[in-house]
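Here is model.tsv, consisting of TSV, C-alpha atoms:
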```
chain	number	residue	atom	x	y	z
U	1	MET	CA	-3.69	14.20	2.35
U	2	LYS	CA	-0.54	12.13	1.89
U	3	VAL	CA	-1.28	8.49	1.10
U	4	LEU	CA	0.24	5.43	-0.56
U	5	VAL	CA	-0.69	4.78	-4.19
U	6	ALA	CA	0.32	2.02	-6.60
U	7	THR	CA	3.24	2.71	-8.91
U	8	ALA	CA	5.25	0.84	-11.49
U	9	ARG	CA	8.21	3.12	-10.84
U	10	THR	CA	11.31	1.11	-9.80
U	11	GLN	CA	9.63	-2.16	-10.84
U	12	GLY	CA	12.34	-4.65	-11.70
U	13	ASP	CA	14.80	-3.45	-9.06
U	14	ARG	CA	14.11	-6.80	-7.39
U	15	PRO	CA	13.72	-9.95	-9.49
U	16	ASP	CA	10.48	-10.85	-7.69
U	17	ASP	CA	8.73	-7.49	-8.29
U	18	TYR	CA	5.19	-7.43	-9.65
U	19	HIS	CA	2.66	-4.72	-10.44
U	20	TRP	CA	-0.92	-5.79	-11.09
U	21	CYS	CA	-2.61	-2.71	-9.62
U	22	ILE	CA	-4.01	0.29	-11.44
U	23	GLU	CA	-1.33	2.98	-11.59
U	24	GLY	CA	-2.10	5.61	-8.94
U	25	GLU	CA	-4.84	3.72	-7.10
U	26	LEU	CA	-4.92	3.86	-3.32
U	27	VAL	CA	-3.22	0.90	-1.67
U	28	ARG	CA	-3.18	-0.61	1.80
U	29	ILE	CA	-0.97	-3.10	3.59
U	30	GLY	CA	-2.75	-6.41	3.46
U	31	GLU	CA	-2.67	-9.50	5.57
U	32	VAL	CA	0.26	-11.94	5.34
U	33	CYS	CA	0.00	-15.70	4.90
U	34	ALA	CA	1.97	-18.14	7.07
U	35	ALA	CA	4.50	-18.94	4.32
U	36	ASP	CA	5.39	-15.27	3.82
U	37	LEU	CA	5.59	-14.62	7.57
U	38	ALA	CA	8.52	-17.01	7.61
U	39	ASP	CA	10.13	-15.40	4.53
U	40	PRO	CA	8.62	-12.54	2.48
U	41	ASP	CA	10.50	-13.78	-0.58
U	42	ALA	CA	8.85	-17.19	-0.37
U	43	GLY	CA	5.25	-18.24	-0.53
U	44	CYS	CA	2.78	-16.13	-2.43
U	45	GLY	CA	4.42	-12.70	-2.20
U	46	CYS	CA	1.86	-11.11	0.12
U	47	GLY	CA	4.60	-10.26	2.63
U	48	ARG	CA	6.04	-7.70	0.22
U	49	ALA	CA	2.79	-6.49	-1.37
U	50	PHE	CA	0.58	-3.45	-1.25
U	51	ALA	CA	-3.08	-4.22	-1.97
U	52	GLY	CA	-5.03	-2.03	-4.39
U	53	LEU	CA	-8.28	-0.68	-2.97
U	54	ASN	CA	-10.01	-0.57	-6.35
U	55	SER	CA	-8.50	-3.36	-8.44
U	56	HIS	CA	-8.09	-5.75	-5.48
U	57	ARG	CA	-4.76	-6.70	-7.04
U	58	ALA	CA	-1.25	-6.19	-5.68
U	59	THR	CA	2.04	-4.43	-6.33
U	60	THR	CA	5.46	-4.50	-4.69
U	61	THR	CA	5.96	-0.75	-5.08
U	62	ALA	CA	3.99	2.22	-3.78
U	63	ARG	CA	4.50	5.97	-4.08
U	64	ILE	CA	3.69	8.67	-1.55
U	65	ALA	CA	1.14	10.98	-3.17
U	66	GLU	CA	-0.83	14.05	-2.15
U	67	VAL	CA	-4.44	13.13	-2.94
U	68	PRO	CA	-7.46	15.44	-2.49
U	69	LEU	CA	-9.21	13.24	0.07
U	70	SER	CA	-10.61	14.03	3.47
U	71	GLN	CA	-9.88	11.66	6.33
U	72	ALA	CA	-13.53	10.52	6.15
U	73	ASP	CA	-13.20	9.79	2.41
U	74	TYR	CA	-10.01	7.80	3.03
U	75	VAL	CA	-11.71	5.74	5.74
U	76	GLU	CA	-14.66	5.07	3.43
U	77	ALA	CA	-12.34	3.98	0.59
U	78	ILE	CA	-10.69	1.44	2.88
U	79	ARG	CA	-14.00	0.28	4.39
U	80	SER	CA	-15.64	-0.09	0.99
U	81	SER	CA	-12.70	-2.02	-0.45
U	82	LEU	CA	-12.69	-4.45	2.46
U	83	GLN	CA	-16.45	-4.97	2.11
U	84	GLN	CA	-16.14	-5.61	-1.65
U	85	GLN	CA	-13.56	-8.29	-0.91
U	86	GLY	CA	-15.77	-10.05	1.64
U	87	TRP	CA	-14.03	-8.79	4.79
U	88	ASP	CA	-15.93	-7.39	7.76
U	89	PRO	CA	-16.36	-3.71	6.83
U	90	CYS	CA	-15.86	-2.53	10.41
U	91	GLY	CA	-15.88	1.30	10.29
U	92	ASP	CA	-13.68	1.59	13.37
U	93	CYS	CA	-11.17	-0.86	11.87
U	94	ALA	CA	-11.03	1.12	8.61
U	95	ALA	CA	-10.61	4.36	10.56
U	96	GLY	CA	-7.72	2.89	12.54
U	97	GLU	CA	-6.09	1.58	9.39
U	98	ALA	CA	-6.44	4.98	7.68
U	99	VAL	CA	-4.70	6.67	10.62
U	100	GLN	CA	-1.90	4.08	10.63
U	101	LEU	CA	-1.33	4.33	6.87
U	102	ALA	CA	-1.22	8.13	6.97
U	103	ALA	CA	1.24	8.02	9.88
U	104	LEU	CA	3.57	5.72	7.89
U	105	VAL	CA	4.08	8.30	5.14
U	106	VAL	CA	3.89	11.60	7.02
U	107	ASP	CA	7.67	12.13	7.15
U	108	TRP	CA	8.48	11.18	3.53
U	109	PRO	CA	8.22	13.67	0.67
U	110	VAL	CA	5.56	13.27	-2.00
U	111	GLY	CA	6.94	11.21	-4.88
U	112	THR	CA	9.02	8.86	-2.73
U	113	VAL	CA	8.75	5.22	-3.83
U	114	VAL	CA	8.69	2.54	-1.12
U	115	GLU	CA	8.71	-1.22	-0.89
U	116	ARG	CA	7.34	-3.45	1.83
U	117	ARG	CA	9.02	-6.25	3.77
U	118	LEU	CA	6.35	-7.63	6.14
U	119	ASP	CA	5.62	-4.82	8.63
U	120	ASP	CA	8.39	-2.49	7.44
U	121	LEU	CA	8.56	0.00	4.60
U	122	PHE	CA	11.85	0.89	2.92
U	123	VAL	CA	12.61	3.72	0.54
U	124	ARG	CA	13.50	2.60	-2.96
U	125	CYS	CA	13.67	6.04	-4.52
U	126	LEU	CA	13.47	9.43	-2.85
U	127	ALA	CA	11.33	12.09	-4.46
U	128	ASP	CA	13.14	14.39	-6.85
U	129	THR	CA	13.22	17.66	-4.92
U	130	SER	CA	15.29	19.63	-7.42
```
Could you show the structure in this file as structure tokens?
Amino acid sequence: MKVLVATARTQGDRPDDYHWCIEGELVRIGEVCAADLADPDAGCGCGRAFAGLNSHRATTTARIAEVPLSQADYVEAIRSSLQQQGWDPCGDCAAGEAVQLAALVVDWPVGTVVERRLDDLFVRCLADTS
């Protein structure tokens, strides 16, 4: 299935980029603090971050990847990550998030690099289709 994974590709295109995730790990779109809601370039940077499911770290760039996961495996990865971080591991919440994340990337080709600005994703680099 097509999912978002952490990537260092295009890091440095913005002066406030950071990449503390494990390259290729599954990422989600995390919660945003009050400071970043007002301005994603202010505050802590969570308004422009993708959160790593394994490392529990963050990156400002993600890549669309085809990963050999079932929908159930994807839900479990999200649920397990949330539980490890002390969040309520609600199975229905993880299932809903998995559906939303998959829907975000369905129309972009594998290899496309995206950035986040609060609730929006923007393409930084289209996949090389040549």
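Minimum atom-to-atom distance to Asp17 in chain U, evaluated using only C-alpha atoms, belongs to U:Asp41 out of U:Glu97, U:Asp41, U:Glu31, U:Asp92.
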*For Cys90 in chain U, which residue among U:Phe50, U:Ile78, U:Trp108, U:Asp73 is the nearest when counting only C-alpha atoms?*
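Counting only C-alpha atoms, the residue closest to Cys90 in chain U is U:Ile78.
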*Rank nothing, just name the residue among U:Ala51, U:Thr61, U:Ala72, U:Asp36 nearest to Arg14 in chain U, using all atoms listed in the file.*
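Comparing U:Ala51, U:Thr61, U:Ala72, U:Asp36 against Arg14 in chain U, the winner is U:Thr61.
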*Write out as a ChimeraX atom specification the residues lying within 9 Å of range 116-124 of chain U, counting only C-alpha atoms and excluding same-chain residues fewer than 2 positions away.*
/U:10,13,29,32,36-37,39-41,46-50,60-62,104,112-114,126
Give me a file of those residues, with C-alpha atoms, as a PDB file, keeping the file's coordinate frame.
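Below you can see selection03.pdb, which holds the result:
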```
ATOM      1  CA  THR U  10      11.310   1.110  -9.800  1.00  0.00           C
ATOM      2  CA  ASP U  13      14.800  -3.450  -9.060  1.00  0.00           C
ATOM      3  CA  ILE U  29      -0.970  -3.100   3.590  1.00  0.00           C
ATOM      4  CA  VAL U  32       0.260 -11.940   5.340  1.00  0.00           C
ATOM      5  CA  ASP U  36       5.390 -15.270   3.820  1.00  0.00           C
ATOM      6  CA  LEU U  37       5.590 -14.620   7.570  1.00  0.00           C
ATOM      7  CA  ASP U  39      10.130 -15.400   4.530  1.00  0.00           C
ATOM      8  CA  PRO U  40       8.620 -12.540   2.480  1.00  0.00           C
ATOM      9  CA  ASP U  41      10.500 -13.780  -0.580  1.00  0.00           C
ATOM     10  CA  CYS U  46       1.860 -11.110   0.120  1.00  0.00           C
ATOM     11  CA  GLY U  47       4.600 -10.260   2.630  1.00  0.00           C
ATOM     12  CA  ARG U  48       6.040  -7.700   0.220  1.00  0.00           C
ATOM     13  CA  ALA U  49       2.790  -6.490  -1.370  1.00  0.00           C
ATOM     14  CA  PHE U  50       0.580  -3.450  -1.250  1.00  0.00           C
ATOM     15  CA  THR U  60       5.460  -4.500  -4.690  1.00  0.00           C
ATOM     16  CA  THR U  61       5.960  -0.750  -5.080  1.00  0.00           C
ATOM     17  CA  ALA U  62       3.990   2.220  -3.780  1.00  0.00           C
ATOM     18  CA  LEU U 104       3.570   5.720   7.890  1.00  0.00           C
ATOM     19  CA  THR U 112       9.020   8.860  -2.730  1.00  0.00           C
ATOM     20  CA  VAL U 113       8.750   5.220  -3.830  1.00  0.00           C
ATOM     21  CA  VAL U 114       8.690   2.540  -1.120  1.00  0.00           C
ATOM     22  CA  LEU U 126      13.470   9.430  -2.850  1.00  0.00           C
TER      23      LEU U 126
END
```
*State, in Å with one decimal place, the distance from CA of Trp87 in chain U to CA of Tyr18 in chain U.*
24.1 Å
_To one decimal place in Å, what is the distance between CA of Pro15 in chain U and CA of Leu53 in chain U?_
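Here the two named atoms are 24.7 Å from each other.
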*asked:* Around the point (4.2, 7.2, 4.3) (coordinates from the file), which residues reach within 8 Å if we count all atoms listed in the file? Answer as an MDAnalysis selection string.
replied: chainID U and resid 2:4 64 101:108
Just range 74-101 of chain U from the block, N, CA and C atoms, as a PDB file, in the first residue's frame, could you?
```pdb
ATOM      1  N   TYR U  74      -1.085  -1.729   8.893  1.00  0.00           N
ATOM      2  CA  TYR U  74      -0.898  -0.274   8.970  1.00  0.00           C
ATOM      3  C   TYR U  74      -1.620   0.286  10.197  1.00  0.00           C
ATOM      4  N   VAL U  75      -2.833  -0.145  10.407  1.00  0.00           N
ATOM      5  CA  VAL U  75      -3.597   0.277  11.590  1.00  0.00           C
ATOM      6  C   VAL U  75      -2.853  -0.108  12.858  1.00  0.00           C
ATOM      7  N   GLU U  76      -2.347  -1.327  12.907  1.00  0.00           N
ATOM      8  CA  GLU U  76      -1.637  -1.799  14.096  1.00  0.00           C
ATOM      9  C   GLU U  76      -0.353  -1.005  14.325  1.00  0.00           C
ATOM     10  N   ALA U  77       0.346  -0.638  13.264  1.00  0.00           N
ATOM     11  CA  ALA U  77       1.563   0.170  13.410  1.00  0.00           C
ATOM     12  C   ALA U  77       1.237   1.521  14.036  1.00  0.00           C
ATOM     13  N   ILE U  78       0.170   2.134  13.594  1.00  0.00           N
ATOM     14  CA  ILE U  78      -0.244   3.430  14.148  1.00  0.00           C
ATOM     15  C   ILE U  78      -0.706   3.267  15.594  1.00  0.00           C
ATOM     16  N   ARG U  79      -1.547   2.260  15.848  1.00  0.00           N
ATOM     17  CA  ARG U  79      -2.062   2.020  17.196  1.00  0.00           C
ATOM     18  C   ARG U  79      -0.930   1.744  18.178  1.00  0.00           C
ATOM     19  N   SER U  80      -0.003   0.892  17.780  1.00  0.00           N
ATOM     20  CA  SER U  80       1.120   0.528  18.634  1.00  0.00           C
ATOM     21  C   SER U  80       2.013   1.724  18.937  1.00  0.00           C
ATOM     22  N   SER U  81       2.273   2.537  17.927  1.00  0.00           N
ATOM     23  CA  SER U  81       3.101   3.727  18.125  1.00  0.00           C
ATOM     24  C   SER U  81       2.448   4.686  19.114  1.00  0.00           C
ATOM     25  N   LEU U  82       1.159   4.916  18.941  1.00  0.00           N
ATOM     26  CA  LEU U  82       0.448   5.807  19.866  1.00  0.00           C
ATOM     27  C   LEU U  82       0.510   5.269  21.295  1.00  0.00           C
ATOM     28  N   GLN U  83       0.314   3.961  21.444  1.00  0.00           N
ATOM     29  CA  GLN U  83       0.359   3.349  22.774  1.00  0.00           C
ATOM     30  C   GLN U  83       1.751   3.501  23.396  1.00  0.00           C
ATOM     31  N   GLN U  84       2.805   3.269  22.609  1.00  0.00           N
ATOM     32  CA  GLN U  84       4.174   3.397  23.115  1.00  0.00           C
ATOM     33  C   GLN U  84       4.466   4.811  23.590  1.00  0.00           C
ATOM     34  N   GLN U  85       3.792   5.802  23.001  1.00  0.00           N
ATOM     35  CA  GLN U  85       4.025   7.191  23.365  1.00  0.00           C
ATOM     36  C   GLN U  85       3.094   7.679  24.479  1.00  0.00           C
ATOM     37  N   GLY U  86       2.253   6.783  24.997  1.00  0.00           N
ATOM     38  CA  GLY U  86       1.384   7.135  26.106  1.00  0.00           C
ATOM     39  C   GLY U  86       0.024   7.675  25.706  1.00  0.00           C
ATOM     40  N   TRP U  87      -0.312   7.644  24.403  1.00  0.00           N
ATOM     41  CA  TRP U  87      -1.622   8.077  23.945  1.00  0.00           C
ATOM     42  C   TRP U  87      -2.616   6.932  24.097  1.00  0.00           C
ATOM     43  N   ASP U  88      -3.876   7.240  24.101  1.00  0.00           N
ATOM     44  CA  ASP U  88      -4.924   6.225  24.127  1.00  0.00           C
ATOM     45  C   ASP U  88      -4.838   5.422  22.827  1.00  0.00           C
ATOM     46  N   PRO U  89      -4.571   4.124  22.906  1.00  0.00           N
ATOM     47  CA  PRO U  89      -4.404   3.321  21.689  1.00  0.00           C
ATOM     48  C   PRO U  89      -5.736   2.869  21.095  1.00  0.00           C
ATOM     49  N   CYS U  90      -6.654   3.767  20.949  1.00  0.00           N
ATOM     50  CA  CYS U  90      -7.983   3.466  20.417  1.00  0.00           C
ATOM     51  C   CYS U  90      -7.858   2.848  19.021  1.00  0.00           C
ATOM     52  N   GLY U  91      -8.294   1.590  18.880  1.00  0.00           N
ATOM     53  CA  GLY U  91      -8.223   0.899  17.591  1.00  0.00           C
ATOM     54  C   GLY U  91      -9.016   1.593  16.507  1.00  0.00           C
ATOM     55  N   ASP U  92     -10.198   2.094  16.845  1.00  0.00           N
ATOM     56  CA  ASP U  92     -11.008   2.800  15.849  1.00  0.00           C
ATOM     57  C   ASP U  92     -10.340   4.096  15.407  1.00  0.00           C
ATOM     58  N   CYS U  93      -9.677   4.777  16.347  1.00  0.00           N
ATOM     59  CA  CYS U  93      -8.975   6.018  16.009  1.00  0.00           C
ATOM     60  C   CYS U  93      -7.810   5.723  15.069  1.00  0.00           C
ATOM     61  N   ALA U  94      -7.050   4.674  15.366  1.00  0.00           N
ATOM     62  CA  ALA U  94      -5.924   4.295  14.507  1.00  0.00           C
ATOM     63  C   ALA U  94      -6.422   3.882  13.130  1.00  0.00           C
ATOM     64  N   ALA U  95      -7.536   3.169  13.081  1.00  0.00           N
ATOM     65  CA  ALA U  95      -8.094   2.754  11.785  1.00  0.00           C
ATOM     66  C   ALA U  95      -8.512   3.973  10.967  1.00  0.00           C
ATOM     67  N   GLY U  96      -9.135   4.934  11.598  1.00  0.00           N
ATOM     68  CA  GLY U  96      -9.535   6.155  10.906  1.00  0.00           C
ATOM     69  C   GLY U  96      -8.341   6.942  10.411  1.00  0.00           C
ATOM     70  N   GLU U  97      -7.308   7.003  11.242  1.00  0.00           N
ATOM     71  CA  GLU U  97      -6.097   7.726  10.843  1.00  0.00           C
ATOM     72  C   GLU U  97      -5.417   7.024   9.667  1.00  0.00           C
ATOM     73  N   ALA U  98      -5.372   5.699   9.682  1.00  0.00           N
ATOM     74  CA  ALA U  98      -4.766   4.946   8.582  1.00  0.00           C
ATOM     75  C   ALA U  98      -5.492   5.225   7.269  1.00  0.00           C
ATOM     76  N   VAL U  99      -6.810   5.273   7.313  1.00  0.00           N
ATOM     77  CA  VAL U  99      -7.602   5.564   6.110  1.00  0.00           C
ATOM     78  C   VAL U  99      -7.307   6.982   5.622  1.00  0.00           C
ATOM     79  N   GLN U 100      -7.270   7.933   6.537  1.00  0.00           N
ATOM     80  CA  GLN U 100      -7.004   9.331   6.161  1.00  0.00           C
ATOM     81  C   GLN U 100      -5.609   9.503   5.565  1.00  0.00           C
ATOM     82  N   LEU U 101      -4.606   8.874   6.168  1.00  0.00           N
ATOM     83  CA  LEU U 101      -3.243   8.990   5.662  1.00  0.00           C
ATOM     84  C   LEU U 101      -3.118   8.369   4.268  1.00  0.00           C
TER      85      LEU U 101
END
```
